[in-house]
Each structure stands twice: as C-alpha cells, then as structure tokens.
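Have a look at upload-v2.pdb; it's PDB, C-alpha atoms, pLDDT in the B column:
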MODEL        1
ATOM      1  CA  GLN C   9      -4.590  18.527   5.265  1.00 79.00           C
ATOM      2  CA  VAL C  10      -3.850  15.244   3.509  1.00 88.00           C
ATOM      3  CA  ARG C  11      -6.110  12.350   4.309  1.00 93.00           C
ATOM      4  CA  LEU C  12      -5.879   8.677   3.380  1.00 96.00           C
ATOM      5  CA  VAL C  13      -9.068   6.650   3.693  1.00 97.00           C
ATOM      6  CA  GLN C  14      -8.873   2.904   3.261  1.00 98.00           C
ATOM      7  CA  SER C  15     -11.506   0.375   2.320  1.00 97.00           C
ATOM      8  CA  GLY C  16     -11.623  -3.276   1.368  1.00 96.00           C
ATOM      9  CA  GLY C  17     -10.285  -6.102   3.439  1.00 94.00           C
ATOM     10  CA  GLY C  18     -12.290  -8.744   5.231  1.00 97.00           C
ATOM     11  CA  SER C  19     -12.265 -12.413   6.134  1.00 98.00           C
ATOM     12  CA  VAL C  20     -11.573 -14.909   3.358  1.00 98.00           C
ATOM     13  CA  GLN C  21     -10.402 -18.469   2.757  1.00 98.00           C
ATOM     14  CA  ALA C  22      -6.898 -19.396   1.677  1.00 98.00           C
ATOM     15  CA  GLY C  23      -6.549 -19.001  -2.074  1.00 98.00           C
ATOM     16  CA  ASP C  24      -9.105 -16.194  -2.293  1.00 98.00           C
ATOM     17  CA  SER C  25      -8.516 -12.643  -3.480  1.00 98.00           C
ATOM     18  CA  LEU C  26      -9.181  -9.175  -2.073  1.00 98.00           C
ATOM     19  CA  ARG C  27      -8.639  -5.622  -3.234  1.00 98.00           C
ATOM     20  CA  LEU C  28      -7.661  -2.900  -0.818  1.00 98.00           C
ATOM     21  CA  SER C  29      -8.316   0.741  -1.723  1.00 98.00           C
ATOM     22  CA  CYS C  30      -6.745   3.942  -0.437  1.00 97.00           C
ATOM     23  CA  VAL C  31      -8.270   7.275  -1.414  1.00 95.00           C
ATOM     24  CA  VAL C  32      -5.832  10.169  -1.097  1.00 92.00           C
ATOM     25  CA  SER C  33      -7.348  13.613  -0.615  1.00 89.00           C
ATOM     26  CA  GLY C  34      -5.910  17.004   0.229  1.00 84.00           C
ATOM     27  CA  ARG C  35      -2.947  18.972  -1.015  1.00 69.00           C
ATOM     28  CA  THR C  36      -0.716  16.294  -2.482  1.00 61.00           C
ATOM     29  CA  SER C  37      -1.468  16.888  -6.150  1.00 57.00           C
ATOM     30  CA  ASN C  38      -0.440  13.628  -7.850  1.00 60.00           C
ATOM     31  CA  SER C  39       3.216  13.846  -6.806  1.00 85.00           C
ATOM     32  CA  TYR C  40       3.126  11.264  -4.080  1.00 91.00           C
ATOM     33  CA  ALA C  41       4.713   7.861  -3.751  1.00 94.00           C
ATOM     34  CA  THR C  42       2.660   5.099  -2.182  1.00 96.00           C
ATOM     35  CA  GLY C  43       3.491   2.314   0.189  1.00 98.00           C
ATOM     36  CA  TRP C  44       1.535  -0.550   1.678  1.00 98.00           C
ATOM     37  CA  PHE C  45       2.520  -2.066   5.000  1.00 98.00           C
ATOM     38  CA  ARG C  46       1.002  -4.692   7.261  1.00 98.00           C
ATOM     39  CA  GLN C  47       1.102  -5.515  10.927  1.00 98.00           C
ATOM     40  CA  ALA C  48       0.244  -8.916  12.356  1.00 97.00           C
ATOM     41  CA  PRO C  49      -0.557  -9.358  16.058  1.00 92.00           C
ATOM     42  CA  GLY C  50       2.586  -9.165  18.164  1.00 95.00           C
ATOM     43  CA  LYS C  51       4.759  -8.191  15.211  1.00 97.00           C
ATOM     44  CA  GLU C  52       6.192  -4.979  13.869  1.00 97.00           C
ATOM     45  CA  ARG C  53       4.683  -3.215  10.896  1.00 97.00           C
ATOM     46  CA  GLU C  54       6.393  -4.554   7.780  1.00 98.00           C
ATOM     47  CA  PHE C  55       6.792  -3.426   4.200  1.00 98.00           C
ATOM     48  CA  VAL C  56       4.542  -5.067   1.612  1.00 98.00           C
ATOM     49  CA  ALA C  57       4.667  -2.999  -1.582  1.00 98.00           C
ATOM     50  CA  ALA C  58       5.617   0.439  -2.873  1.00 98.00           C
ATOM     51  CA  MET C  59       5.150   2.495  -6.006  1.00 97.00           C
ATOM     52  CA  SER C  60       6.845   5.631  -7.306  1.00 96.00           C
ATOM     53  CA  SER C  61       4.767   8.751  -7.802  1.00 92.00           C
ATOM     54  CA  ASN C  62       4.993   8.378 -11.591  1.00 92.00           C
ATOM     55  CA  THR C  63       3.796   4.742 -11.095  1.00 93.00           C
ATOM     56  CA  ARG C  64       6.614   3.405 -13.276  1.00 95.00           C
ATOM     57  CA  LYS C  65       8.532   1.728 -10.476  1.00 96.00           C
ATOM     58  CA  THR C  66       7.153  -0.829  -8.042  1.00 97.00           C
ATOM     59  CA  ALA C  67       8.632  -3.066  -5.385  1.00 98.00           C
ATOM     60  CA  TYR C  68       7.334  -5.946  -3.296  1.00 98.00           C
ATOM     61  CA  THR C  69       8.500  -7.913  -0.327  1.00 98.00           C
ATOM     62  CA  ASP C  70       9.565 -11.404  -1.373  1.00 98.00           C
ATOM     63  CA  SER C  71       6.681 -13.187   0.323  1.00 98.00           C
ATOM     64  CA  VAL C  72       4.048 -11.436  -1.816  1.00 98.00           C
ATOM     65  CA  LYS C  73       5.805 -11.239  -5.183  1.00 98.00           C
ATOM     66  CA  GLY C  74       3.620 -12.679  -7.916  1.00 98.00           C
ATOM     67  CA  ARG C  75       0.540 -12.593  -5.660  1.00 98.00           C
ATOM     68  CA  PHE C  76       0.021  -8.902  -4.792  1.00 98.00           C
ATOM     69  CA  THR C  77      -0.153  -5.980  -7.196  1.00 98.00           C
ATOM     70  CA  ILE C  78       0.050  -2.278  -6.375  1.00 98.00           C
ATOM     71  CA  SER C  79      -1.614   0.189  -8.721  1.00 97.00           C
ATOM     72  CA  ARG C  80      -3.161   3.645  -8.979  1.00 95.00           C
ATOM     73  CA  ASP C  81      -6.122   5.307 -10.600  1.00 94.00           C
ATOM     74  CA  SER C  82      -4.758   8.847 -10.904  1.00 89.00           C
ATOM     75  CA  ALA C  83      -8.061  10.290 -12.031  1.00 90.00           C
ATOM     76  CA  GLU C  84      -9.638   9.084  -8.796  1.00 91.00           C
ATOM     77  CA  ASN C  85      -6.586   9.705  -6.561  1.00 90.00           C
ATOM     78  CA  THR C  86      -6.997   6.137  -5.425  1.00 95.00           C
ATOM     79  CA  ASP C  87      -4.314   3.550  -4.854  1.00 96.00           C
ATOM     80  CA  TYR C  88      -4.975  -0.155  -4.798  1.00 98.00           C
ATOM     81  CA  LEU C  89      -3.385  -3.295  -3.488  1.00 98.00           C
ATOM     82  CA  GLN C  90      -4.727  -6.396  -5.197  1.00 98.00           C
ATOM     83  CA  LEU C  91      -4.185  -9.497  -3.079  1.00 98.00           C
ATOM     84  CA  THR C  92      -4.475 -12.914  -4.731  1.00 98.00           C
ATOM     85  CA  VAL C  93      -3.750 -16.493  -3.682  1.00 98.00           C
ATOM     86  CA  LEU C  94      -4.057 -15.371  -0.087  1.00 98.00           C
ATOM     87  CA  LYS C  95      -2.416 -17.414   2.632  1.00 98.00           C
ATOM     88  CA  PRO C  96      -3.086 -17.552   6.398  1.00 97.00           C
ATOM     89  CA  GLU C  97       0.264 -15.850   6.968  1.00 97.00           C
ATOM     90  CA  ASP C  98      -1.061 -12.797   5.091  1.00 98.00           C
ATOM     91  CA  THR C  99      -3.420 -12.141   7.999  1.00 98.00           C
ATOM     92  CA  ALA C 100      -2.698  -8.647   9.324  1.00 98.00           C
ATOM     93  CA  VAL C 101      -3.909  -5.078   9.462  1.00 98.00           C
ATOM     94  CA  TYR C 102      -2.901  -3.435   6.191  1.00 98.00           C
ATOM     95  CA  TYR C 103      -1.954   0.241   6.000  1.00 98.00           C
ATOM     96  CA  CYS C 104      -1.473   2.510   3.017  1.00 98.00           C
ATOM     97  CA  ALA C 105       0.946   5.412   3.227  1.00 97.00           C
ATOM     98  CA  ALA C 106       1.803   8.414   1.064  1.00 95.00           C
ATOM     99  CA  LYS C 107       4.968  10.429   0.689  1.00 93.00           C
ATOM    100  CA  ASN C 108       5.058  13.824  -0.978  1.00 90.00           C
ATOM    101  CA  THR C 109       7.767  13.652  -3.622  1.00 89.00           C
ATOM    102  CA  GLY C 110       7.440  16.975  -5.416  1.00 82.00           C
ATOM    103  CA  PRO C 111       8.202  17.279  -9.137  1.00 82.00           C
ATOM    104  CA  PHE C 112      11.739  15.839  -9.118  1.00 82.00           C
ATOM    105  CA  ASN C 113      11.732  12.524  -7.243  1.00 85.00           C
ATOM    106  CA  THR C 114       8.956  10.903  -9.197  1.00 89.00           C
ATOM    107  CA  ASN C 115      10.844   7.741 -10.178  1.00 91.00           C
ATOM    108  CA  PHE C 116      11.640   6.441  -6.694  1.00 94.00           C
ATOM    109  CA  TYR C 117       9.767   4.074  -4.425  1.00 95.00           C
ATOM    110  CA  TYR C 118      10.252   3.942  -0.672  1.00 96.00           C
ATOM    111  CA  PRO C 119      10.202   0.692   1.309  1.00 96.00           C
ATOM    112  CA  GLY C 120      10.936   2.302   4.667  1.00 96.00           C
ATOM    113  CA  ARG C 121       8.151   3.216   7.083  1.00 96.00           C
ATOM    114  CA  ALA C 122       9.922   6.367   8.208  1.00 97.00           C
ATOM    115  CA  GLU C 123       9.834   7.785   4.682  1.00 95.00           C
ATOM    116  CA  TYR C 124       6.109   8.356   4.669  1.00 96.00           C
ATOM    117  CA  ASP C 125       4.269  11.530   5.587  1.00 93.00           C
ATOM    118  CA  TYR C 126       0.709  10.271   5.821  1.00 95.00           C
ATOM    119  CA  TRP C 127      -0.997   7.029   6.795  1.00 97.00           C
ATOM    120  CA  GLY C 128      -4.386   5.445   6.323  1.00 98.00           C
ATOM    121  CA  GLN C 129      -6.433   4.114   9.211  1.00 98.00           C
ATOM    122  CA  GLY C 130      -5.702   0.455   8.465  1.00 98.00           C
ATOM    123  CA  THR C 131      -7.927  -2.375   7.334  1.00 98.00           C
ATOM    124  CA  GLN C 132      -8.064  -5.947   8.621  1.00 98.00           C
ATOM    125  CA  VAL C 133      -7.355  -8.904   6.337  1.00 98.00           C
ATOM    126  CA  THR C 134      -7.995 -12.322   7.844  1.00 98.00           C
ATOM    127  CA  VAL C 135      -7.209 -15.482   5.885  1.00 98.00           C
ATOM    128  CA  SER C 136      -8.332 -18.840   7.207  1.00 98.00           C
ATOM    129  CA  SER C 137      -7.050 -22.204   6.049  1.00 94.00           C
TER     130      SER C 137
ENDMDL
END

Would it be possible to restate this file's structure as structure tokens?
Amino acid sequence: QVRLVQSGGGSVQAGDSLRLSCVVSGRTSNSYATGWFRQAPGKEREFVAAMSSNTRKTAYTDSVKGRFTISRDSAENTDYLQLTVLKPEDTAVYYCAAKNTGPFNTNFYYPGRAEYDYWGQGTQVTVSS
C-alpha cells in the first residue's frame, strides 16, 4: 500500500517562505512522478507543480513560476515544494500526489489531477497581507 504523508505549511505573512514535504512510502520504488495541487475555499483543486520520476523535467503553473520550486530527496523518498515570496492568493490546502510510472515513462510530468494514483492528506497554507 502506497502512502503519502505531508508536513509543513502554516500561517505566514506575505513575502515569507515555507517548505512543504511529502514522504512517499510503500511499493512505488523510485519510479513515480510527483505533482502538487492546491485547493482554495470554494474553488476547484488546481495544478501547482509537477516533476518527472527521473526529476529531470519540471513544470509550474504560471502564477507560481519563479517563486515555487519542486524537488526530491530520493534517498529519503521525500518530495518537497519550496514556496517563496508568498502572496495572500497562495492561501489554500496543498496536496502532493504520486503516479507510478514504471521504468519507461520516467521523463514525463503530469499536470492533470486524474493522472495520479495516490494523494497526501493535504496541508494548510495561509498567507496574510
């Protein structure tokens, strides 16, 4: 059974930084692509960032480009989303997600929610002005 456990998040001021963590355990090996999504109150869950399973390819939604960075510590099976220069509009519950890619599709990232097999429990990020 694959499990994603998130940590990080919190309440910060505009301009501050946070780092979200997502520990992936279970039978994924390291062949999984990662996505981060967020959901603000009254809105649909939206794509934030994604990374291929070989970590060579990344993608970001336009509103976070240059401010957020997705990364992985393969030795720890932990994925990260570094959030900098936070804005009030970044306030949302953030979710990590993992997609088993197997040995052949390691150079693709996936921005669609439906692509993912497993989800973390979510973590709240609140940014005040």

Centre and size of axis-aligned box enclosing stretch 106-113 of chain C plus 3 Å each side, as lines of an AutoDock Vina configuration file:
center_x = 6.8
center_y = 12.8
center_z = -4.0
size_x = 15.9
size_y = 14.9
size_z = 16.2

Inset, instruction - Pick out the residues sitting within 8 Å of C:Val93, and hand them over as a list of chain:residue names; count all atoms listed in the file, and ignore anything fewer than 5 positions along from it in its own chain. - result: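 Counting all atoms listed in the file, the residues come to C:Ala22, C:Gly23, C:Asp24, C:Ser25, C:Arg75.
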
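Rounded to one decimal, atom CA of C:Phe45 and atom CA of C:Phe112 lie 24.6 Å from each other.
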
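Minimum distance to C:Thr131 across C:Asn113, C:Ser33, C:Gln47, C:Gln21 (counting all atoms listed in the file) occurs at C:Gln47.
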
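Atom pair atom CA of C:Thr63 / atom CA of C:Ala41: separated by 8.0 Å.
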
Name the residues within 6 Å of (11.4, -4.9, 3.0), counting only C-alpha atoms in the file's coordinates, and put them as a PDB file with C-alpha atoms, in the frame of the given file.
ATOM      1  CA  PHE C  55       6.792  -3.426   4.200  1.00 98.00           C
ATOM      2  CA  THR C  69       8.500  -7.913  -0.327  1.00 98.00           C
ATOM      3  CA  PRO C 119      10.202   0.692   1.309  1.00 96.00           C
TER       4      PRO C 119
END

Inset, instruction - Rank nothing, just name the residue among C:Phe76, C:Trp127, C:Tyr88, C:Tyr117 nearest to C:Leu12, using all atoms listed in the file. - result: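 For C:Leu12, the nearest of the given residues is C:Trp127.
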
Inset, instruction - Would you work out the distance separating atom CA of C:Val135 from atom CA of C:Cys30, expressed in Å to one decimal? - result: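 If I compute the distance from atom CA of C:Val135 to atom CA of C:Cys30, I get 20.4 Å.
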
Inset, instruction - Find the residue from C:Ser136, C:Ser60, C:Ser39, C:Ser29 that sits nearest to C:Ala100; use all atoms listed in the file when measuring. - result: C:Ser136

Inset, instruction - Apply the PyMOL selection byres ((chain C and resi 99) around 8) to the file shown and report the selected residues as an MDAnalysis selection string. - result: chainID C and resid 48 95:98 100:101 132:135

Inset, instruction - Could you give me, as a PyMOL selection string, the residues that sit within 7 Å of (-7.2, -9.0, -1.3) in the file's coordinates, counting all atoms listed in the file? - result: chain C and resi 17+25-28+90-92

Inset, instruction - Any chance you could resolve the PyMOL selection byres ((chain C and resi 120) around 9) against this file and give the residues as a ChimeraX atom specification? - result: /C:43,54-55,118-119,121-124

Legend entry - Residue with smallest distance to C:Leu89 - pool C:Arg46, C:Thr114, C:Lys51, C:Val20, counting only C-alpha atoms: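 For C:Leu89, the nearest of the given residues is C:Arg46.
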
Inset, instruction - Tell me, as a list of chain:residue names, which residues lie within 6 Å of C:Tyr68, counting all atoms listed in the file; anything in the same chain fewer than 5 positions away does not count. - result: C:Val56, C:Ala57, C:Lys73

Fewer than 5 positions away in the same chain doesn't count, so skip those; otherwise give me all residues within 8 Å of C:Asp125, counting all atoms listed in the file, as a CSV table (one decimal) with C-alpha atoms, keeping the file's coordinate frame.
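Output file around04.csv is given in full below:
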chain,number,residue,atom,x,y,z
C,105,ALA,CA,0.9,5.4,3.2
C,106,ALA,CA,1.8,8.4,1.1
C,107,LYS,CA,5.0,10.4,0.7
C,108,ASN,CA,5.1,13.8,-1.0

Inset, instruction - Go through C:Gly16, C:Ala83, C:Ala67, C:Tyr126 one by one, measure the shortest atom-to-atom distance of each to C:Gly34 using only C-alpha atoms, and give the residue with the smallest value. - result: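 So, comparing all the options, the nearest one is C:Tyr126.
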